[in-house]
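Participant: Submitted below is the structure of interest, expressed as structure tokens.
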Amino acid sequence: MFPVADDLPPVGSPLLELHGVSKAYGAKQAVRDVTLRIPRGSIYGFLGPNGAGKTTTIRGIMRIVLPDSGEITMAGRPLDRRSLDAIGYLPEERGLYRKMKCREQLAYLAELKGVPHREALARADAWLDRMDLGDYRDKRVDSLSKGMQQKIQFSATFIHEPVLVILDEVFSGLDPLNIELLRGMILEQQQRGVTVLFSTHMLAEAEKICDSICLIEDGRVILDGSLDRVRADFPLRSVRVAWADGAAPPDDLPGVVARERSEGAWRLTLAEGADPQALLPALSAAGRLTLFAANRPSLSEIFLAAVQRHRQEVSA
Amino acid sequence: MSKVLTIVRKEYLERVRSKSFLIGTLLGPALMSMFVVLPVLLSSAGSENARTVGVIDADGSVLPRLEAELADQGRDNVTLVPFAAEPGRGQDAEARLRGAVASGEVDAGLVIVPDFIATGKATFLNRSVSAMVMRDEVFRPALDRILREGRFAAAAIPDSMFSYLSRGTAWESFTVSEEGVQEKQNEEAVFIAAIALIMIIYIMVLMYGNHTLTAVIEEKSSRMVELLLASVSPGNLMLGKVLGIGLAGLTQFGVWAVAFLAMSQQGVSVGGFSLDVNFLTPVVLVSFVMFFLLGFFLYATLYAGIGAMCNSVQDSQQFHGPLTMGLVLPMMLLSLVLRAPDSTVSTVLSLVPLFSPVLMFMRVCVETPPLWQIALSWVLLGASIWLAARAAGKLFRMGILMYGASPTWASLMKVLRD
């Protein structure tokens, strides 16, 4: 199977690279000049609102739609159909053959990724056992609950032991148990050196597991890199405060640009360069403080700020 | 390539293992033979119906001969009831006969005038048009013979001369091929066999073409499209599906063919049709197999292409008609080609890939065309299949982006031009 393990770049160097990828549907420019480097071994979040161009970019990688221009390489080589066998893909638009038996279905999907017939059957058995679906081996898919069917879909994504896994809007439509299961599987795959690229519009979900991200809006990449570096680039800070008597923060706090009640406390967003420490006297004066914590910027704050900055750059 | 085989195996096994396949394989011949056997059974049962015909034979010389003639022909289901004319009241007998026919006492009436041999005049009375069949099939030949015999007797021509004079042309037919071999042929049997083989091509293409259409639509309704395209190219996916479903169809056909041949060997004529073995020359046999396969796969691929565009079977209806026309049209052109198999029009029409499985094969059956023309039609069919598979793949890829929207002819053409 291509690429074999020793063909791969070392962990941390780019595994999948997109150079200037564009795609238009008729008059609508869905993806504009997207350039990305996805490091090997990373959990890479491909983030943005619905309609930003995430799915189109992913479909471009999977050769389901062919980009109008640009180049996509994996391990330094142009991504061709053969190398797709090394990628596991769970599309947003996902289903299963309802009338096919679970074991046959998994084996069939593995075979289509180049796993030999016997081996595919053995792996299907192993995955069904792992998912606690061993008893459903010879049951038709339509006799399974939706949650069970999702487990089969997860299995199909990993069964051919891909070096890169692409998950499109994978968390939407999952029940909480399966979200937890999938998160565990993603982290486990990462341990084994597998690179995971997943798209979502649920930024909070992404924040929990990503180590690198890319923010895309209106078909353009407006921010990308490791989560730490992205955060460092956005020294946007906020503090969480709460008072014993549930008092509201005073109106004239120095350096505070926004305030918001959240989870029984107040979230105060500070102006760029403001020192949280300087706030403390004013806050203590307002009452008996029970909470004072400096927050790292959340992904959604970064996203909003990045979109604003991007729009200013475009209009300037 | 191994992925295509994986798809072929899945599609094939899925179909062959299904209950509907088993039922279809068993019931298919029963249904088909019903179409052939039932009308035969019904019409023969009809002729077995006892019929009574009232006869007025004025001078009484024709009726005994007519009875003998009917007995000779084995028409023992027709009973003749003499309506005796009382002297001087001939008109009255006819009125009684008319009344008997009208009331249903007899099924029909026959009035033979006194000087029948000289005038050849007879009157037939019937209540419904259906009795006309009896007049033409039973009484016309019998009376004609009686008339001829009577006139020859009147002219004093001896019996030996009679049989000589009434003998018609004795045909012997040969088909002369370029090798100079003369084969005795039964044209009617050849024609029936050719039509039967064409009908087989036609029915199989229609039946399994539709299967590929629904199978492709199923990929969409089960939302497997994207996952599959991430593993195989759309062209290979189409190829695998068409081949797998096609092989299932051929398996079914194979079972039928073996059963048919086995029954023919046993001397059982199936549906009144037994194959003329002389007719199955190597050229005809090879042509049949080739046109069957190529026609089958061309239409299956085209149907797959339609399925690729549509999200539901309802969506596909509008594209269905034109494609079915491609199959029906050659059936309508068949007589044109039969009349002049080697005319320019026939040659051109039979080379059109959509038509050649029917028209070129018919030409092969009736008058073998130059081999280069047969070969050319195969090449054209093969090329069309390749093009159709590519187009179907393209449509399939584009169809993903059309969830929800019903396709139109305009959007179809746009995708193909891209």
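All residue names refer to the structure tokens as shown: chains lettered A, B, ... in order, residues numbered from 1 in each chain, ligands numbered from 1 in order.
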Run DSSP on the backbone of this structure and report the residues of stretch 51-233 of chain A it assigns to strand (DSSP E or B), as a ChimeraX atom specification.
Facilitator: /A:69-74,77-78,87-90,101,140,164-168,195-200,212-217,220-226
Participant: Can you tell me, as a ChimeraX atom specification, which residues in stretch 42-97 of chain A count as helix (DSSP H, G or I) by DSSP?
Facilitator: /A:54-61,82-86
Participant: Which residues, written as a ChimeraX atom specification, have at least one atom at most 9 Å from stretch 198-206 of chain B, with only C-alpha atoms counted and residues fewer than 4 positions away on the same chain left out?
Facilitator: /B:193-194,210-211,249-250,253,288,291-293,295-300,324,327-328,357-359,361-362
Participant: Mind dumping the selected residues with N, CA and C atoms as a CSV table (one decimal), in the first residue's frame?
Facilitator:
chain,number,residue,atom,x,y,z
B,193,ALA,N,-36.8,-18.1,-35.8
B,193,ALA,CA,-35.6,-18.2,-34.9
B,193,ALA,C,-35.0,-16.9,-34.7
B,194,ALA,N,-34.8,-16.1,-35.9
B,194,ALA,CA,-34.1,-14.8,-35.8
B,194,ALA,C,-34.9,-13.9,-34.9
B,210,ASN,N,-32.8,-1.7,-16.5
B,210,ASN,CA,-33.5,-1.0,-15.4
B,210,ASN,C,-32.9,-1.4,-14.1
B,211,HIS,N,-32.3,-2.6,-13.9
B,211,HIS,CA,-31.7,-3.0,-12.7
B,211,HIS,C,-30.5,-2.1,-12.4
B,249,GLY,N,-27.4,-11.1,-14.7
B,249,GLY,CA,-28.4,-11.3,-15.7
B,249,GLY,C,-28.0,-12.5,-16.6
B,250,LEU,N,-26.7,-12.5,-17.0
B,250,LEU,CA,-26.3,-13.6,-17.8
B,250,LEU,C,-26.4,-15.0,-17.2
B,253,PHE,N,-29.9,-15.9,-17.6
B,253,PHE,CA,-30.2,-16.3,-18.9
B,253,PHE,C,-29.5,-17.6,-19.2
B,288,PHE,N,-24.7,-13.6,-32.4
B,288,PHE,CA,-25.7,-13.5,-31.3
B,288,PHE,C,-25.0,-13.2,-30.0
B,291,PHE,N,-23.5,-9.6,-30.1
B,291,PHE,CA,-24.5,-8.5,-30.0
B,291,PHE,C,-25.3,-8.5,-28.7
B,292,PHE,N,-25.5,-9.7,-28.2
B,292,PHE,CA,-26.2,-9.8,-26.9
B,292,PHE,C,-25.4,-9.1,-25.8
B,293,LEU,N,-24.1,-9.5,-25.7
B,293,LEU,CA,-23.2,-8.9,-24.7
B,293,LEU,C,-23.1,-7.4,-24.9
B,295,GLY,N,-24.7,-5.2,-26.8
B,295,GLY,CA,-26.0,-4.4,-26.6
B,295,GLY,C,-26.4,-4.3,-25.2
B,296,PHE,N,-26.3,-5.4,-24.5
B,296,PHE,CA,-26.6,-5.5,-23.1
B,296,PHE,C,-25.8,-4.5,-22.3
B,297,PHE,N,-24.5,-4.5,-22.5
B,297,PHE,CA,-23.6,-3.6,-21.7
B,297,PHE,C,-23.8,-2.1,-22.1
B,298,LEU,N,-24.0,-1.9,-23.4
B,298,LEU,CA,-24.2,-0.5,-23.8
B,298,LEU,C,-25.4,0.1,-23.1
B,299,TYR,N,-26.5,-0.6,-23.2
B,299,TYR,CA,-27.8,-0.1,-22.6
B,299,TYR,C,-27.6,0.0,-21.1
B,300,ALA,N,-27.0,-1.1,-20.5
B,300,ALA,CA,-26.9,-1.1,-19.0
B,300,ALA,C,-26.1,0.2,-18.6
B,324,THR,N,-35.5,4.2,-24.1
B,324,THR,CA,-36.3,3.1,-24.5
B,324,THR,C,-36.6,3.2,-26.0
B,327,LEU,N,-34.4,1.5,-28.2
B,327,LEU,CA,-34.6,0.0,-28.4
B,327,LEU,C,-35.8,-0.3,-29.3
B,328,VAL,N,-36.9,0.6,-29.1
B,328,VAL,CA,-38.1,0.3,-29.9
B,328,VAL,C,-37.9,0.6,-31.3
B,357,PRO,N,-27.5,-3.9,-32.2
B,357,PRO,CA,-27.8,-5.3,-31.6
B,357,PRO,C,-29.0,-5.9,-32.3
B,358,VAL,N,-30.0,-5.1,-32.7
B,358,VAL,CA,-31.2,-5.6,-33.3
B,358,VAL,C,-31.0,-5.7,-34.8
B,359,LEU,N,-30.6,-4.6,-35.4
B,359,LEU,CA,-30.6,-4.5,-36.9
B,359,LEU,C,-29.5,-5.3,-37.5
B,361,PHE,N,-27.8,-7.7,-36.3
B,361,PHE,CA,-28.0,-9.1,-36.0
B,361,PHE,C,-29.1,-9.7,-37.0
B,362,MET,N,-30.1,-8.9,-37.2
B,362,MET,CA,-31.1,-9.3,-38.2
B,362,MET,C,-30.5,-9.5,-39.5
Participant: List every residue of chain B that has an atom at most 9 Å from any atom of chain A, and for each one report the closest atom pair and its distance in Å to one decimal, counting only C-alpha atoms, with rows sorted by chain and then by increasing residue number, as JSON lines.
Facilitator:
{"residue": "B:Ser2", "atom": "CA", "partner": "A:Gly114", "partner_atom": "CA", "distance": 8.1}
{"residue": "B:Lys3", "atom": "CA", "partner": "A:Leu112", "partner_atom": "CA", "distance": 5.6}
{"residue": "B:Val4", "atom": "CA", "partner": "A:Leu112", "partner_atom": "CA", "distance": 8.6}
{"residue": "B:Thr6", "atom": "CA", "partner": "A:Glu111", "partner_atom": "CA", "distance": 7.0}
{"residue": "B:Ile7", "atom": "CA", "partner": "A:Leu112", "partner_atom": "CA", "distance": 8.0}
{"residue": "B:Lys10", "atom": "CA", "partner": "A:Tyr108", "partner_atom": "CA", "distance": 7.7}
{"residue": "B:Glu14", "atom": "CA", "partner": "A:Met100", "partner_atom": "CA", "distance": 8.4}
{"residue": "B:Glu218", "atom": "CA", "partner": "A:Tyr97", "partner_atom": "CA", "distance": 8.6}
{"residue": "B:Glu219", "atom": "CA", "partner": "A:Tyr97", "partner_atom": "CA", "distance": 7.9}
{"residue": "B:Ser221", "atom": "CA", "partner": "A:Gly95", "partner_atom": "CA", "distance": 8.7}
{"residue": "B:Ser222", "atom": "CA", "partner": "A:Gly95", "partner_atom": "CA", "distance": 5.5}
{"residue": "B:Arg223", "atom": "CA", "partner": "A:Gly95", "partner_atom": "CA", "distance": 4.7}
{"residue": "B:Met224", "atom": "CA", "partner": "A:Gly95", "partner_atom": "CA", "distance": 5.4}
{"residue": "B:Val225", "atom": "CA", "partner": "A:Arg94", "partner_atom": "CA", "distance": 8.4}
{"residue": "B:Glu226", "atom": "CA", "partner": "A:Pro91", "partner_atom": "CA", "distance": 6.7}
{"residue": "B:Leu227", "atom": "CA", "partner": "A:Pro91", "partner_atom": "CA", "distance": 6.7}
{"residue": "B:Leu228", "atom": "CA", "partner": "A:Leu112", "partner_atom": "CA", "distance": 7.9}
{"residue": "B:Leu229", "atom": "CA", "partner": "A:Ile64", "partner_atom": "CA", "distance": 6.1}
{"residue": "B:Ala230", "atom": "CA", "partner": "A:Met62", "partner_atom": "CA", "distance": 5.5}
{"residue": "B:Ser231", "atom": "CA", "partner": "A:Lys113", "partner_atom": "CA", "distance": 5.7}
{"residue": "B:Val232", "atom": "CA", "partner": "A:Leu112", "partner_atom": "CA", "distance": 7.0}
{"residue": "B:Ser233", "atom": "CA", "partner": "A:Arg81", "partner_atom": "CA", "distance": 7.5}
{"residue": "B:Pro234", "atom": "CA", "partner": "A:Ile64", "partner_atom": "CA", "distance": 8.8}
{"residue": "B:Arg397", "atom": "CA", "partner": "A:Ile64", "partner_atom": "CA", "distance": 6.6}
{"residue": "B:Met398", "atom": "CA", "partner": "A:Val65", "partner_atom": "CA", "distance": 7.9}
{"residue": "B:Ile400", "atom": "CA", "partner": "A:Ile64", "partner_atom": "CA", "distance": 8.7}
Participant: May I have the residues within 9 Å of stretch 250-259 of chain A as a list in words, using only C-alpha atoms and disregarding those fewer than 6 positions away in the same chain?
Facilitator: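 Neighbouring residues, sequence-local ones excluded: Ser238, Trp266, Arg267, Leu268, Thr269, Leu270, Ala271, Glu272, Gly273, Ala274, Asp275, Pro276, Ala278, Leu279, Ala282, Leu283 and Ala286 of chain A.
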Participant: Have a look at B:Thr214, B:Asn77, B:Gln252, B:Thr344 and name the one nearest to B:Val313; count only C-alpha atoms.
Facilitator: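 Distance minimum relative to B:Val313 lands on B:Thr214.
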Participant: Compile the contact shell of A:Arg231 as a PyMOL selection string: residues with an atom at most 12 Å away, counting only C-alpha atoms, same-chain residues fewer than 5 positions apart removed.
Facilitator: chain A and resi 207+211-213+223-226+236-237+295-303+305-306
Participant: Quick check, in Å to one decimal: how far apart do atom CA of B:Trp386 and atom CA of A:Asp80 lie?
Facilitator: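 Pair atom CA of B:Trp386 / atom CA of A:Asp80 returns 22.1 Å.
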